[in-house]
Amino acid sequence: MDHFFNRSNLTALRELALQTVANRIDHDVFTSMASQGVDGPWPVRPRLLVLVDGRGNDKAVVRAAARMAQRRRAPWTTLWVDTGQAPPDTQKQNLAAVFRLTEQLGGDTVTLHGHDVVGMALDHARHHNVTGIVFGRSRHRPLAGLFGRTLSQKLMRRGQDFELTCIASAPPHHRRRWRAPGWPPARQLWLALSVVAASVLAAAVADHFLALPNLSLIFLTGVLLVASRTGMRAATFAAVLSLLTYNFFFTEPFFSLAMYHTQDILTVAFFLVIALVTGRLASRLRNQVVNLRRVGDHNRSLLRLSRKLGGATGIQDVQREAGEYLSREFATVVKVVPSQDLDQDKGLTGSLRTAAQWALESGKQAGRGTDTLGDLPQRIFPLRFRDQSLGVLLLSADKLEGLDTAVLSHMETLANQVALALWRVQLSATLEASRVAEETERLRSALLSSISHDLRTPLSSMIGAASSLRDQASLLSEEHRRELLDAILNEGHRLNSYIQNLLDMTRLGHGTLKLARDWIAPADLIAAALKRTAPLTANLTLHRQVEADLPLLFVHPALIEQALVNLIENAAKFSPTGGEITLVARADTDRIVVEISDQGPGIPEDQREKVFDMFFTGGDGDRGPYGSGLGLAICRGMVGAHGGTIEALPPVNGSGAHIVITLPLMEQQPDGPNHV
C-alpha cells in the first residue's frame, strides 16, 4: 500500500480528480447559463480556439496555441472558415498540414462554412464556451484602411469578450511579398469575353434610342451576370474590359481611349466603381449559395448513408452498404475493414497493413497526405466510437483530383457514421448472444428439472411394482399381480411417450423432422387419437362433433395424430371426474379447423401464448405441476411444420381450456408423389 500511494501516484490521482470536477462544473455551468439565455462565454476553465486561414504562418500559431493549452491544461480547437471561394492548391496543402499538426499535438479540428469569418468564429466560440482566441497577425495590406479592416483588426474590435492572443508572423526576410491575384480559369475568361461582346452588341443597338450614360447599365448588367456565375477575379476582369470597350466604342472620340467631355470621364469612373462594388456583392452572394449548396449536399449524403446503414443487421452488411455507397459518392474505391478482419484481409499487405494497424491503434489517419506512410496510394481513416477501435476505412486517394480540407472533413464525418453502424451491429450481436446464452441456460435448467421429475416418477412406480412382484409373488392374488403388471406397462408407455416427445422436440429444433405426407381423412386421425387416449377419458364424457364428408388432408398422419393425442391427454389431465371434453372438426374455406375444449381450470389470458413455449408450466391453470411443458410446444411445432396454426382461445362456456388447430387444405393429386 505504501508503494502504491507514492508521490507520483497521488499527483496523478489528484489531477484526475481535478479534471473530473472541472468537467462536471463546466457541464453544470453551461447547462444553467444556456437554459437562462445568458450569452457566453462563461469562464469556468480555459478553452482555446485557434483561427487559421491557410495563408500565413499557421503552423507557428498552432504550435504556440498548443504550448499555451498545455500550460493551462485547457482543451483547444483549430478552426477554419470556408468562405466558398475555391482556395489555391498551396492553401489546400497548408490547411491539410495545419490540421494534421493539430491532431498530432492533441487538438480538435473544425471547419465552418460562411462568408463572415470573424462573426462565425465568435459565434462558435460563444457556443462552445471558449475563453481565449489565438490567431496570427494578418499579412501586410497597404490599402487596408481604404477597403476595410484586416482580420486582426476585426477580431480586436468585435471579440472584446474573449482573451485575444495575436502571434507574430515570421521574420521580415521570410515574409511573402504581395502578389497580384492570378488570372481566372480559362472557362471564366471565355464567359467574361462572351458577355462583354454581347454587351457591346446590345449597346450598339440601344445607342439609337438611349442616352450615352444609360448604355453603361447594359455593361453593368453583364458584369453582374459574370460575377454571379464565376468569382471576383472574373468579375473584375469583365468590369475593366467593359470599361475599355465602353470608352472605345461609345465615347468621343470613337475608336479611341481618349475622352473629350468631362461628363464622360465621370460616367466611366462611376461605372468602374459601381461595377466593382456590385460585382463583389454578387460574387459574395454566389459564394454563400455555393457554401449552402455544399453543406446541403453533405447533409443529404450523410442522410442517405444513414438510411443505407440503418437496415444493416450484420458487419458484412455494413461493409457492403458503406463500401458501395462511398465508392459511388467519391467515384473511387472505398473499403471497410472491421478490426477482427484486419489480420486476415488478403488485400492488406506490407506497408498498407502496417499503416492500417497504426491507424486502428492510434485513432489517427494514415496513408496519403499524412505524416505516416504518406507515399501510399490510399488514405486510411480509423473507425472509432466511444474510444473503441472498430476498424478502418480505406480510400483510394490516387483516383481523386485533390484531398482538400472540405473533402477530408466530409469523409471523416461519413467514416464516423460507418463507425457508429459497426458499433451498433456489434452491440446488437453481443446482446443477441447474451440473450441466446441466457435462453439456453434457462432451457437447460428446465430440461434437467423436467427429466429429474418426469423420468423418475414412472421409473419409481415401475421399480416398486416389479419389486413387489419379485419379493411377494406368493402372497399376491392373481388380480393384484395383474394390477401391478398393468401399472408397469402403463408407466412404461408413459415413459416412452415422454422420451418420444423429447426426440420430436429435438428434431423440430434442429429442423431434421421429415414429413412423409399422405392423403388421409380427418375423421380417421381423430378416431386413432381417441383410441390411444381411451384409458384417460374412461371417466369423462366425450362429445365428438365431426362434420361429414370433410376433405382429405395431405399431412404426415403420425405427427398430426400425436399432436391430437397430446391435446386430448392435456384436456383429460385437468378435467374433473365426470367432466366433459368436446372435440369439433369442421371445414372453413381452404382449411380444416379442429377445436378441443374441456372443463378444467383453464388458461389465464396472459399465458395463452406462453403455454406453447418449451418447458413453460405456469405453475397453475391448465399446465400446472402435471406436465413437463413440452406437450403444447411439440403440438405447435408439428402443426407449424405443415403450415398450420395452433392457439389458445377464450373458453366457450366461460371455463376450461379452448385449443384450436387449423390445417391448410391442398389440391388433391393422387397420382403425384406422396412424400415431401
# chains A, B, ... in the order shown; residues from 1 in each chain; ligands from 1

$ select_by_dssp --residues "stretch 59-233 of chain A" --states "alpha helix (DSSP H)" --output "PyMOL selection string"
chain A and resi 59-72+89-104+117-127+144-147+151-158+186-206+212-229+232-233

$ residues_around --residues "A:Ser152" --least-positions-apart "4" --cutoff "10 Å" --atoms "only C-alpha atoms" --output "ChimeraX atom specification"
/A:118,135-139,156-157,164,166

$ closest_residue --among "A:Lys92, A:Lys364, A:Leu193, A:Leu285" --to "A:Leu105" --atoms "only C-alpha atoms"
A:Lys364

$ residues_around --residues "A:Gln378" --least-positions-apart "5" --cutoff "7 Å" --atoms "only C-alpha atoms" --output "compact mmCIF listing (two decimals) with all heavy atoms, in the first residue's frame"
# COMPACT_ATOMS: atom_id res chain seq x y z
N GLY A 367 -1.57 7.10 -44.28
CA GLY A 367 -1.57 6.96 -45.72
C GLY A 367 -1.35 8.28 -46.43
O GLY A 367 -0.74 9.22 -45.89
N ARG A 368 -1.84 8.38 -47.63
CA ARG A 368 -1.57 9.53 -48.47
C ARG A 368 -2.03 10.83 -47.83
O ARG A 368 -3.13 10.93 -47.30
CB ARG A 368 -2.27 9.36 -49.82
CG ARG A 368 -1.93 10.49 -50.78
CD ARG A 368 -2.57 10.29 -52.13
NE ARG A 368 -2.26 11.42 -53.00
CZ ARG A 368 -2.74 11.56 -54.22
NH1 ARG A 368 -3.53 10.64 -54.73
NH2 ARG A 368 -2.41 12.60 -54.95
N LEU A 394 -10.60 2.50 -45.95
CA LEU A 394 -9.56 2.78 -46.93
C LEU A 394 -10.15 3.49 -48.13
O LEU A 394 -11.12 3.00 -48.74
CB LEU A 394 -8.86 1.49 -47.39
CG LEU A 394 -7.85 0.86 -46.42
CD1 LEU A 394 -8.55 0.17 -45.26
CD2 LEU A 394 -6.95 -0.12 -47.13
N LEU A 395 -9.58 4.65 -48.47
CA LEU A 395 -10.00 5.45 -49.61
C LEU A 395 -8.86 5.49 -50.61
O LEU A 395 -7.74 5.90 -50.28
CB LEU A 395 -10.36 6.87 -49.16
CG LEU A 395 -10.67 7.89 -50.26
CD1 LEU A 395 -11.97 7.53 -50.94
CD2 LEU A 395 -10.75 9.29 -49.68
N SER A 396 -9.12 5.03 -51.85
CA SER A 396 -8.09 5.04 -52.88
C SER A 396 -7.89 6.47 -53.37
O SER A 396 -8.54 6.93 -54.31
CB SER A 396 -8.49 4.13 -54.04
OG SER A 396 -8.55 2.79 -53.62
N ALA A 397 -7.01 7.19 -52.68
CA ALA A 397 -6.86 8.63 -52.91
C ALA A 397 -6.20 8.95 -54.23
O ALA A 397 -6.28 10.09 -54.70
CB ALA A 397 -6.05 9.25 -51.76
N ASP A 398 -5.53 7.98 -54.86
CA ASP A 398 -4.83 8.28 -56.10
C ASP A 398 -5.79 8.57 -57.24
O ASP A 398 -5.40 9.15 -58.26
CB ASP A 398 -3.93 7.11 -56.49
CG ASP A 398 -4.71 5.80 -56.58
OD1 ASP A 398 -5.75 5.69 -55.91
OD2 ASP A 398 -4.26 4.91 -57.32

$ residues_around --residues "A:Thr78" --least-positions-apart "5" --cutoff "7 Å" --atoms "only C-alpha atoms" --output "list in words"
Leu49, Val50, Leu51, Thr102, Asp108, Thr109 and Val110 of chain A

$ residues_around --residues "A:Ala587" --least-positions-apart "5" --cutoff "10 Å" --atoms "only C-alpha atoms" --output "PyMOL selection string"
chain A and resi 546-551+592-594+662-663+665

$ write_last_selection --atoms "all heavy atoms" --output "mmCIF file, in the first residue's frame"
data_model
loop_
_atom_site.group_PDB
_atom_site.id
_atom_site.type_symbol
_atom_site.label_atom_id
_atom_site.label_comp_id
_atom_site.auth_asym_id
_atom_site.auth_seq_id
_atom_site.Cartn_x
_atom_site.Cartn_y
_atom_site.Cartn_z
ATOM 1 N N VAL A 546 -67.873 -34.140 -35.545
ATOM 2 C CA VAL A 546 -67.060 -34.127 -36.762
ATOM 3 C C VAL A 546 -67.991 -34.021 -37.960
ATOM 4 O O VAL A 546 -68.901 -34.866 -38.119
ATOM 5 C CB VAL A 546 -66.191 -35.393 -36.867
ATOM 6 C CG1 VAL A 546 -65.338 -35.350 -38.139
ATOM 7 C CG2 VAL A 546 -65.305 -35.531 -35.633
ATOM 8 N N GLU A 547 -67.810 -33.021 -38.768
ATOM 9 C CA GLU A 547 -68.645 -32.849 -39.948
ATOM 10 C C GLU A 547 -68.443 -34.009 -40.917
ATOM 11 O O GLU A 547 -67.340 -34.560 -41.039
ATOM 12 C CB GLU A 547 -68.305 -31.532 -40.663
ATOM 13 C CG GLU A 547 -68.715 -30.297 -39.895
ATOM 14 C CD GLU A 547 -68.443 -29.033 -40.695
ATOM 15 O OE1 GLU A 547 -67.910 -29.139 -41.829
ATOM 16 O OE2 GLU A 547 -68.756 -27.933 -40.200
ATOM 17 N N ALA A 548 -69.519 -34.356 -41.584
ATOM 18 C CA ALA A 548 -69.443 -35.435 -42.576
ATOM 19 C C ALA A 548 -68.799 -34.923 -43.863
ATOM 20 O O ALA A 548 -68.883 -33.734 -44.203
ATOM 21 C CB ALA A 548 -70.857 -35.963 -42.869
ATOM 22 N N ASP A 549 -68.149 -35.844 -44.564
ATOM 23 C CA ASP A 549 -67.547 -35.541 -45.874
ATOM 24 C C ASP A 549 -66.515 -34.419 -45.802
ATOM 25 O O ASP A 549 -66.470 -33.532 -46.664
ATOM 26 C CB ASP A 549 -68.636 -35.182 -46.893
ATOM 27 C CG ASP A 549 -69.631 -36.318 -47.105
ATOM 28 O OD1 ASP A 549 -69.210 -37.499 -46.983
ATOM 29 O OD2 ASP A 549 -70.801 -36.021 -47.375
ATOM 30 N N LEU A 550 -65.700 -34.434 -44.762
ATOM 31 C CA LEU A 550 -64.606 -33.453 -44.708
ATOM 32 C C LEU A 550 -63.570 -33.780 -45.785
ATOM 33 O O LEU A 550 -63.286 -34.951 -46.050
ATOM 34 C CB LEU A 550 -63.942 -33.463 -43.329
ATOM 35 C CG LEU A 550 -64.733 -32.863 -42.179
ATOM 36 C CD1 LEU A 550 -63.972 -33.054 -40.866
ATOM 37 C CD2 LEU A 550 -65.002 -31.387 -42.427
ATOM 38 N N PRO A 551 -62.989 -32.766 -46.438
ATOM 39 C CA PRO A 551 -61.965 -33.045 -47.456
ATOM 40 C C PRO A 551 -60.732 -33.688 -46.839
ATOM 41 O O PRO A 551 -60.448 -33.538 -45.645
ATOM 42 C CB PRO A 551 -61.643 -31.661 -48.034
ATOM 43 C CG PRO A 551 -62.102 -30.692 -47.008
ATOM 44 C CD PRO A 551 -63.249 -31.332 -46.291
ATOM 45 N N ILE A 592 -58.960 -26.916 -42.537
ATOM 46 C CA ILE A 592 -59.706 -27.741 -41.583
ATOM 47 C C ILE A 592 -59.433 -27.200 -40.182
ATOM 48 O O ILE A 592 -58.275 -26.954 -39.804
ATOM 49 C CB ILE A 592 -59.286 -29.221 -41.669
ATOM 50 C CG1 ILE A 592 -59.671 -29.807 -43.023
ATOM 51 C CG2 ILE A 592 -59.900 -30.035 -40.546
ATOM 52 C CD1 ILE A 592 -61.155 -29.925 -43.250
ATOM 53 N N VAL A 593 -60.506 -27.031 -39.401
ATOM 54 C CA VAL A 593 -60.399 -26.498 -38.045
ATOM 55 C C VAL A 593 -60.798 -27.586 -37.063
ATOM 56 O O VAL A 593 -61.876 -28.186 -37.187
ATOM 57 C CB VAL A 593 -61.280 -25.248 -37.867
ATOM 58 C CG1 VAL A 593 -61.159 -24.722 -36.439
ATOM 59 C CG2 VAL A 593 -60.905 -24.175 -38.877
ATOM 60 N N VAL A 594 -59.911 -27.820 -36.072
ATOM 61 C CA VAL A 594 -60.180 -28.796 -35.013
ATOM 62 C C VAL A 594 -60.136 -28.055 -33.679
ATOM 63 O O VAL A 594 -59.133 -27.403 -33.360
ATOM 64 C CB VAL A 594 -59.152 -29.942 -35.024
ATOM 65 C CG1 VAL A 594 -59.450 -30.922 -33.889
ATOM 66 C CG2 VAL A 594 -59.160 -30.660 -36.369
ATOM 67 N N THR A 662 -55.667 -25.279 -36.882
ATOM 68 C CA THR A 662 -56.062 -25.101 -38.280
ATOM 69 C C THR A 662 -54.997 -25.737 -39.162
ATOM 70 O O THR A 662 -53.804 -25.520 -38.965
ATOM 71 C CB THR A 662 -56.214 -23.614 -38.639
ATOM 72 O OG1 THR A 662 -54.967 -22.959 -38.469
ATOM 73 C CG2 THR A 662 -57.259 -22.953 -37.759
ATOM 74 N N LEU A 663 -55.425 -26.514 -40.147
ATOM 75 C CA LEU A 663 -54.530 -27.168 -41.098
ATOM 76 C C LEU A 663 -54.969 -26.799 -42.514
ATOM 77 O O LEU A 663 -56.161 -26.904 -42.851
ATOM 78 C CB LEU A 663 -54.572 -28.691 -40.924
ATOM 79 C CG LEU A 663 -53.976 -29.227 -39.616
ATOM 80 C CD1 LEU A 663 -54.315 -30.704 -39.447
ATOM 81 C CD2 LEU A 663 -52.471 -29.020 -39.603
ATOM 82 N N LEU A 665 -55.736 -26.879 -46.502
ATOM 83 C CA LEU A 665 -56.133 -27.883 -47.483
ATOM 84 C C LEU A 665 -55.324 -27.695 -48.755
ATOM 85 O O LEU A 665 -54.981 -26.571 -49.137
ATOM 86 C CB LEU A 665 -57.627 -27.762 -47.805
ATOM 87 C CG LEU A 665 -58.587 -28.125 -46.670
ATOM 88 C CD1 LEU A 665 -60.018 -27.802 -47.070
ATOM 89 C CD2 LEU A 665 -58.467 -29.613 -46.326
#

$ select_by_dssp --residues "stretch 222-341 of chain A" --states "strand (DSSP E)" --output "VMD selection string"
chain A and resid 334 to 338

$ atom_distance --atom1 "atom CA of A:Val392" --atom2 "atom CA of A:Val337"
5.4 Å

$ atom_distance --atom1 "atom CA of A:Thr370" --atom2 "atom CA of A:Leu383"
16.7 Å

$ residues_around --residues "stretch 273-277 of chain A" --least-positions-apart "6" --cutoff "8 Å" --atoms "only C-alpha atoms" --output "list in words"
Leu220, Val223, Leu224, Ala235, Thr236 and Ala239 of chain A

$ residues_around --residues "A:Glu647" --least-positions-apart "4" --cutoff "8 Å" --atoms "only C-alpha atoms" --output "ChimeraX atom specification"
/A:608-609,659-661

$ closest_atom_pairs --of "stretch 259-323 of chain A" --to "stretch 240-248 of chain A" --cutoff "9 Å" --atoms "only C-alpha atoms" --output "JSON lines"
{"residue": "A:Met259", "atom": "CA", "partner": "A:Asn247", "partner_atom": "CA", "distance": 7.7}
{"residue": "A:Asp264", "atom": "CA", "partner": "A:Asn247", "partner_atom": "CA", "distance": 8.4}
{"residue": "A:Val268", "atom": "CA", "partner": "A:Leu243", "partner_atom": "CA", "distance": 6.6}
{"residue": "A:Ala269", "atom": "CA", "partner": "A:Leu243", "partner_atom": "CA", "distance": 8.8}
{"residue": "A:Phe271", "atom": "CA", "partner": "A:Leu243", "partner_atom": "CA", "distance": 7.5}
{"residue": "A:Leu272", "atom": "CA", "partner": "A:Leu243", "partner_atom": "CA", "distance": 6.7}
{"residue": "A:Ala275", "atom": "CA", "partner": "A:Val240", "partner_atom": "CA", "distance": 8.8}
{"residue": "A:Leu276", "atom": "CA", "partner": "A:Val240", "partner_atom": "CA", "distance": 8.9}
